[in-house]
Each structure stands twice: as C-alpha cells, then as structure tokens.
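With mmCIF, C-alpha atoms and all ligand atoms inside, this is final_30.cif:
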data_run
loop_
_atom_site.group_PDB
_atom_site.id
_atom_site.type_symbol
_atom_site.label_atom_id
_atom_site.label_comp_id
_atom_site.auth_asym_id
_atom_site.auth_seq_id
_atom_site.Cartn_x
_atom_site.Cartn_y
_atom_site.Cartn_z
ATOM 1 C CA MET A 247 -17.780 -6.306 -17.044
ATOM 2 C CA LYS A 248 -15.514 -6.100 -14.023
ATOM 3 C CA GLU A 249 -12.898 -8.113 -15.883
ATOM 4 C CA THR A 250 -12.952 -5.545 -18.728
ATOM 5 C CA GLU A 251 -12.464 -2.752 -16.223
ATOM 6 C CA LEU A 252 -9.445 -4.483 -14.692
ATOM 7 C CA LYS A 253 -8.002 -5.147 -18.139
ATOM 8 C CA LYS A 254 -8.319 -1.485 -19.115
ATOM 9 C CA ILE A 255 -6.597 -0.375 -15.934
ATOM 10 C CA ARG A 256 -3.774 -2.885 -16.453
ATOM 11 C CA LYS A 257 -3.207 -1.482 -19.945
ATOM 12 C CA ALA A 258 -3.106 2.114 -18.719
ATOM 13 C CA LEU A 259 -0.728 1.178 -15.905
ATOM 14 C CA GLU A 260 1.607 -0.652 -18.234
ATOM 15 C CA LYS A 261 2.080 2.687 -19.982
ATOM 16 C CA SER A 262 2.422 4.903 -16.935
ATOM 17 C CA LEU A 263 4.647 2.687 -14.778
ATOM 18 C CA ASP A 264 8.165 1.420 -15.424
ATOM 19 C CA PRO A 265 8.409 -2.340 -16.111
ATOM 20 C CA LYS A 266 9.617 -3.214 -12.627
ATOM 21 C CA ARG A 267 6.803 -1.277 -10.948
ATOM 22 C CA TYR A 268 4.268 -2.783 -13.317
ATOM 23 C CA GLU A 269 5.382 -6.314 -12.406
ATOM 24 C CA HIS A 270 5.145 -5.399 -8.710
ATOM 25 C CA THR A 271 1.648 -4.031 -9.329
ATOM 26 C CA LEU A 272 0.469 -7.300 -10.880
ATOM 27 C CA GLY A 273 2.045 -9.164 -7.966
ATOM 28 C CA VAL A 274 0.115 -7.056 -5.481
ATOM 29 C CA GLU A 275 -3.084 -7.523 -7.510
ATOM 30 C CA TYR A 276 -3.051 -11.301 -7.341
ATOM 31 C CA THR A 277 -1.644 -11.534 -3.836
ATOM 32 C CA ALA A 278 -4.439 -9.231 -2.665
ATOM 33 C CA ALA A 279 -6.964 -11.438 -4.489
ATOM 34 C CA ALA A 280 -5.589 -14.527 -2.729
ATOM 35 C CA LEU A 281 -5.784 -12.823 0.677
ATOM 36 C CA ALA A 282 -9.319 -11.679 -0.114
ATOM 37 C CA MET A 283 -10.258 -15.321 -0.753
ATOM 38 C CA ARG A 284 -8.675 -16.351 2.530
ATOM 39 C CA TYR A 285 -10.344 -13.627 4.610
ATOM 40 C CA ASP A 286 -13.613 -13.371 2.739
ATOM 41 C CA ALA A 287 -13.204 -9.829 1.382
ATOM 42 C CA PRO A 288 -14.548 -8.690 -2.012
ATOM 43 C CA ILE A 289 -12.085 -10.061 -4.574
ATOM 44 C CA PHE A 290 -12.753 -7.390 -7.181
ATOM 45 C CA SER A 291 -12.048 -4.563 -4.709
ATOM 46 C CA ALA A 292 -8.826 -6.279 -3.704
ATOM 47 C CA GLN A 293 -7.751 -6.543 -7.341
ATOM 48 C CA LEU A 294 -8.706 -2.951 -8.078
ATOM 49 C CA ALA A 295 -6.897 -1.544 -5.042
ATOM 50 C CA GLY A 296 -3.913 -3.819 -5.670
ATOM 51 C CA LEU A 297 -3.637 -2.594 -9.237
ATOM 52 C CA LEU A 298 -3.951 1.071 -8.375
ATOM 53 C CA HIS A 299 -2.026 1.290 -5.096
ATOM 54 C CA ASP A 300 1.197 2.510 -6.782
ATOM 55 C CA CYS A 301 -0.387 4.247 -9.791
ATOM 56 C CA ALA A 302 1.385 7.519 -8.901
ATOM 57 C CA LYS A 303 4.712 5.900 -8.081
ATOM 58 C CA CYS A 304 6.462 6.739 -11.341
ATOM 59 C CA MET A 305 5.476 10.395 -11.342
ATOM 60 C CA SER A 306 8.290 12.887 -10.652
ATOM 61 C CA ASP A 307 8.529 14.482 -7.199
ATOM 62 C CA GLU A 308 7.870 17.896 -8.735
ATOM 63 C CA LYS A 309 4.708 16.646 -10.381
ATOM 64 C CA LYS A 310 3.457 15.042 -7.148
ATOM 65 C CA LEU A 311 4.144 18.205 -5.168
ATOM 66 C CA SER A 312 2.479 20.440 -7.725
ATOM 67 C CA LEU A 313 -0.569 18.158 -7.956
ATOM 68 C CA CYS A 314 -0.953 18.303 -4.183
ATOM 69 C CA GLN A 315 -0.686 22.074 -4.175
ATOM 70 C CA LYS A 316 -3.083 22.473 -7.069
ATOM 71 C CA HIS A 317 -5.734 20.172 -5.625
ATOM 72 C CA ASN A 318 -5.360 21.128 -1.974
ATOM 73 C CA ILE A 319 -4.098 17.727 -0.890
ATOM 74 C CA ALA A 320 -2.674 18.246 2.616
ATOM 75 C CA MET A 321 1.022 17.450 3.073
ATOM 76 C CA ASN A 322 2.858 17.023 6.363
ATOM 77 C CA GLU A 323 6.483 18.076 6.895
ATOM 78 C CA THR A 324 7.823 14.547 6.419
ATOM 79 C CA GLU A 325 6.047 14.302 3.087
ATOM 80 C CA LYS A 326 7.373 17.667 1.949
ATOM 81 C CA ARG A 327 10.908 16.519 2.722
ATOM 82 C CA ASN A 328 10.355 13.074 1.160
ATOM 83 C CA PRO A 329 7.893 13.555 -1.698
ATOM 84 C CA TYR A 330 8.045 9.852 -2.618
ATOM 85 C CA LEU A 331 5.798 9.329 0.406
ATOM 86 C CA LEU A 332 3.120 11.302 -1.430
ATOM 87 C CA HIS A 333 2.528 8.561 -3.994
ATOM 88 C CA ALA A 334 -0.219 7.128 -1.792
ATOM 89 C CA LYS A 335 -2.190 10.369 -1.537
ATOM 90 C CA VAL A 336 -1.618 11.268 -5.167
ATOM 91 C CA GLY A 337 -2.444 7.690 -6.152
ATOM 92 C CA SER A 338 -5.777 7.852 -4.394
ATOM 93 C CA PHE A 339 -6.470 11.180 -6.121
ATOM 94 C CA LEU A 340 -5.626 9.676 -9.540
ATOM 95 C CA ALA A 341 -7.772 6.632 -8.791
ATOM 96 C CA THR A 342 -10.736 8.955 -8.404
ATOM 97 C CA GLU A 343 -9.975 11.398 -11.196
ATOM 98 C CA LYS A 344 -8.350 9.267 -13.847
ATOM 99 C CA TYR A 345 -9.627 5.757 -13.133
ATOM 100 C CA ARG A 346 -13.068 6.805 -11.919
ATOM 101 C CA VAL A 347 -13.018 4.737 -8.742
ATOM 102 C CA ASP A 348 -15.674 5.772 -6.239
ATOM 103 C CA ASP A 349 -15.438 2.903 -3.753
ATOM 104 C CA GLU A 350 -14.304 4.618 -0.541
ATOM 105 C CA ASP A 351 -12.732 1.436 0.825
ATOM 106 C CA VAL A 352 -10.589 1.008 -2.304
ATOM 107 C CA LEU A 353 -9.514 4.663 -2.136
ATOM 108 C CA ASN A 354 -8.625 4.304 1.546
ATOM 109 C CA ALA A 355 -6.623 1.170 0.821
ATOM 110 C CA ILE A 356 -4.544 3.131 -1.699
ATOM 111 C CA LEU A 357 -4.224 6.014 0.758
ATOM 112 C CA SER A 358 -3.008 3.926 3.688
ATOM 113 C CA HIS A 359 -0.810 1.404 1.862
ATOM 114 C CA THR A 360 2.586 2.841 2.873
ATOM 115 C CA THR A 361 2.103 3.760 6.529
ATOM 116 C CA GLY A 362 -1.098 2.004 7.512
ATOM 117 C CA ARG A 363 -3.329 3.794 9.980
ATOM 118 C CA PRO A 364 -5.280 2.910 13.107
ATOM 119 C CA GLN A 365 -8.608 1.158 12.495
ATOM 120 C CA MET A 366 -7.858 -0.075 9.015
ATOM 121 C CA SER A 367 -10.588 -1.966 7.209
ATOM 122 C CA LEU A 368 -10.033 -5.576 6.137
ATOM 123 C CA LEU A 369 -9.330 -4.417 2.561
ATOM 124 C CA GLU A 370 -6.790 -1.836 3.746
ATOM 125 C CA LYS A 371 -4.937 -4.507 5.719
ATOM 126 C CA ILE A 372 -4.991 -6.847 2.737
ATOM 127 C CA ILE A 373 -3.410 -4.248 0.446
ATOM 128 C CA PHE A 374 -0.848 -3.225 3.042
ATOM 129 C CA VAL A 375 0.229 -6.829 3.551
ATOM 130 C CA ALA A 376 0.036 -7.808 -0.149
ATOM 131 C CA ASP A 377 2.317 -4.884 -1.021
ATOM 132 C CA TYR A 378 4.942 -6.308 1.318
ATOM 133 C CA ILE A 379 4.725 -9.999 0.494
ATOM 134 C CA GLU A 380 3.989 -10.180 -3.257
ATOM 135 C CA PRO A 381 6.238 -12.730 -4.988
ATOM 136 C CA GLY A 382 8.433 -10.119 -6.702
ATOM 137 C CA ARG A 383 9.687 -8.811 -3.349
ATOM 138 C CA LYS A 384 13.030 -10.269 -2.497
ATOM 139 C CA GLN A 385 14.822 -8.178 0.071
ATOM 140 C CA ALA A 386 12.681 -7.629 3.111
ATOM 141 C CA PRO A 387 13.870 -9.370 6.280
ATOM 142 C CA ASN A 388 11.691 -12.171 7.695
ATOM 143 C CA LEU A 389 9.833 -12.370 4.393
ATOM 144 C CA ARG A 390 9.323 -16.097 4.575
ATOM 145 C CA GLU A 391 7.797 -15.933 8.020
ATOM 146 C CA ILE A 392 5.601 -12.939 7.151
ATOM 147 C CA ARG A 393 4.319 -14.619 3.969
ATOM 148 C CA ARG A 394 3.288 -17.659 5.953
ATOM 149 C CA LEU A 395 1.784 -15.564 8.734
ATOM 150 C CA ALA A 396 -0.239 -13.451 6.274
ATOM 151 C CA PHE A 397 -2.437 -16.439 5.465
ATOM 152 C CA ILE A 398 -2.796 -17.491 9.098
ATOM 153 C CA ASP A 399 -3.304 -14.225 11.023
ATOM 154 C CA LEU A 400 -3.525 -10.981 9.040
ATOM 155 C CA ASP A 401 -3.181 -8.707 12.095
ATOM 156 C CA LYS A 402 -0.048 -10.483 13.263
ATOM 157 C CA ALA A 403 1.471 -10.156 9.789
ATOM 158 C CA LEU A 404 0.555 -6.469 9.795
ATOM 159 C CA VAL A 405 2.317 -5.832 13.124
ATOM 160 C CA LYS A 406 5.413 -7.739 12.033
ATOM 161 C CA ILE A 407 5.634 -5.702 8.812
ATOM 162 C CA LEU A 408 5.267 -2.409 10.700
ATOM 163 C CA GLU A 409 7.878 -3.505 13.225
ATOM 164 C CA ASP A 410 10.352 -4.462 10.502
ATOM 165 C CA THR A 411 9.638 -1.257 8.577
ATOM 166 C CA LEU A 412 10.355 0.863 11.634
ATOM 167 C CA TYR A 413 13.458 -1.135 12.507
ATOM 168 C CA TYR A 414 14.798 -1.160 8.975
ATOM 169 C CA LEU A 415 14.212 2.566 8.381
ATOM 170 C CA THR A 416 15.780 3.505 11.723
ATOM 171 C CA GLU A 417 18.774 1.228 11.038
ATOM 172 C CA ASN A 418 19.460 2.849 7.686
ATOM 173 C CA GLY A 419 18.957 6.381 8.910
ATOM 174 C CA GLY A 420 15.929 6.832 6.686
ATOM 175 C CA GLU A 421 13.036 8.976 7.731
ATOM 176 C CA THR A 422 9.814 7.267 8.722
ATOM 177 C CA ASP A 423 6.437 8.855 8.346
ATOM 178 C CA PRO A 424 5.221 9.280 11.954
ATOM 179 C CA MET A 425 2.023 7.480 10.946
ATOM 180 C CA THR A 426 3.960 4.184 10.685
ATOM 181 C CA GLN A 427 4.793 4.406 14.397
ATOM 182 C CA THR A 428 1.228 5.461 15.229
ATOM 183 C CA THR A 429 -0.167 2.464 13.338
ATOM 184 C CA TYR A 430 2.339 0.128 14.983
ATOM 185 C CA ASP A 431 1.500 1.376 18.479
ATOM 186 C CA TYR A 432 -2.218 1.077 17.789
ATOM 187 C CA TYR A 433 -2.063 -2.527 16.563
ATOM 188 C CA CYS A 434 0.386 -3.611 19.273
ATOM 189 C CA ALA A 435 -1.999 -2.342 21.923
ATOM 190 C CA LYS A 436 -4.973 -3.860 20.112
ATOM 191 C CA ASN A 437 -3.369 -7.251 19.655
ATOM 192 C CA GLY A 438 -1.704 -7.154 23.050
ATOM 193 C CA GLU A 439 1.728 -7.887 21.640
ATOM 194 C CA GLY A 440 4.980 -6.368 20.446
ATOM 195 C CA ASN A 441 7.227 -4.318 22.652
ATOM 196 C CA GLY A 442 5.185 -1.165 22.188
ATOM 197 C CA LYS A 443 8.228 0.991 21.437
HETATM 198 FE FE FE B 1 3.662 2.168 -2.660
HETATM 199 FE FE FE B 2 3.744 -1.041 -3.839
#

Please re-express this file's structure in structure tokens.
Amino acid sequence: MKETELKKIRKALEKSLDPKRYEHTLGVEYTAAALAMRYDAPIFSAQLAGLLHDCAKCMSDEKKLSLCQKHNIAMNETEKRNPYLLHAKVGSFLATEKYRVDDEDVLNAILSHTTGRPQMSLLEKIIFVADYIEPGRKQAPNLREIRRLAFIDLDKALVKILEDTLYYLTENGGETDPMTQTTYDYYCAKNGEGNGK
C-alpha cells in the first residue's frame, strides 16, 4: 500500500518537475532511506519527505508568492526578495493539499529542508543532509568528507553543511536566510564545536 502511494507521488512529480529536479528528488528519496536505515528512523517517512521536499521547486516565483498571499503563508523580508526560498513553505503546503500528507514530521522536514532550524527532529536532519549529499550533487565543497560523515555522525554532518552554506553564500555575495545562521549557531553550541560565528 505504501509502495503504491510512493509510486503515485513519483509519477505526479515527474510531470510537475523538470528532469534535472526529478532526478535530484529520486536521489534525495533513496539517500534519505539509507540514512533512515542507519539511524533507525521510519523509512517510509524518509522516502515520502525526500520525494516531496522540492515539490514546489519548479513553480514560478509569481505563483509561489501568490499562493502564499492567498493562503496566508507568512513570508519574511528575505523570502520576499528571494522567492525561490519559498519553495520549502509552499512545498509543505502542497504536500498537505495536493498529496494529502498529514504526518507532521514529514511536513516539518519539507519546511525546514533549506535552512534547517533549531531542535530539528531526526527525520528533519535526515532530509536536510540527504538533500545536500545525494549522488547527483556534484559541486558542493567538501562533499566527499560530508558524505562520509553523514553515515558516522549526523549532527556533525549537519553543522558542516550549514557552515559551508553560510561560507559559500557569503563568498558569492548571495543572500542567506537568517534562519541558516540561527540553525548553525544552535547546533554549534549544542555540539560544542565550530567557531560560533
Ligand atoms: Fe530545496
Ligand atoms: Fe532539494
């Protein structure tokens, strides 16, 4: 039954995402499943969240903005300036409305997959990390080390990803959602590591 549900979602996503994004989505699905096996999280939830995490990624900025306005989804200033950041919030909305997901943990994993947040659940961490390390990803710095780390210490992998995201975005003059820094600071303090910038 669960397998049929996943199959249906894959079919729908193949239509609504571009081919590159669809491949990435499948990569996140099975990487999340592998991490769920390693850390003893529900495999089906990991697959479901992995599949749906970018379900709103190929929607136009106008459409994302209008959906948020129409359904009273709160937007911060950074999101208004960079509507691509909204794909997580809109994705979680679509997961509920279109894909009929009611598992709060799955919805939160979709919601927090780009910036993380303090006190993430195990599933949220798995999706965040899987998104970064799935086999189709080629360009991120330190990818080899992070991939290895992900299966040894999930929290350490999480901190390293946040650190690199902040560094990379600052280097290229891109704008970071303030939540990325908040998440980084939280997990550095919690794990007693990092430079706490
Ligand atoms: Fe995403
Ligand atoms: Fe993604």

Spell out the residues picked by the PyMOL selection byres (((chain A and resi 397-403) around 8) and not hetatm) here, as a list of chain:residue names. A:Leu281, A:Arg284, A:Lys371, A:Ile372, A:Val375, A:Ile392, A:Arg393, A:Arg394, A:Leu395, A:Ala396, A:Leu404, A:Val405, A:Lys406, A:Ile407, A:Tyr433, A:Asn437

Would you translate the PyMOL selection byres (((not hetatm)) within 10 of (chain B and resi 1)) into the concrete set of residues it matches in this file, as a ChimeraX atom specification? /A:267,270-271,298-303,330-334,337,356-361,374,377-378

Residue members of the PyMOL selection byres (((chain A and resi 347) around 12) and not hetatm) in the file shown, as a count of residues only: 26

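What separates CA of Asp286 (chain A) from CA of Arg256 (chain A) is a distance of 24.0 Å.
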
Find the residues near Pro329 (chain A): any atom within 10 Å, counting all atoms listed in the file, skip ones fewer than 5 places away on the same chain, and give them as a list of chain:residue names. A:Ser306, A:Asp307, A:Glu308, A:Lys309, A:Lys310, A:Leu311, A:Met321, A:Glu323, A:Thr324

May I ask which of the residues A:Arg383, A:Ala320, A:Cys434, A:Tyr285 is the closest one to ligand FE 2 (chain B), counting only C-alpha atoms and all ligand atoms?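 Of the candidates, the smallest distance to ligand FE 2 (chain B) is held by A:Arg383.
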
A:Ile379, A:Met283, A:Leu259, A:Leu368: which is nearest ligand FE 2 (chain B), counting only C-alpha atoms and all ligand atoms?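 Using only C-alpha atoms and all ligand atoms, the shortest distance to ligand FE 2 (chain B) belongs to A:Ile379.
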
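Pairwise distance (CA of Tyr430 (chain A), CA of Cys314 (chain A)) equals 26.6 Å.
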
By how many Å are CA of Val336 (chain A) and CA of Ala376 (chain A) apart?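 We find that CA of Val336 (chain A) and CA of Ala376 (chain A) lie 19.8 Å from each other.
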
So, counting only C-alpha atoms and all ligand atoms, which residue among A:Lys261, A:Arg327, A:Lys254, A:Lys266 is closest to ligand FE 2 (chain B)? A:Lys266
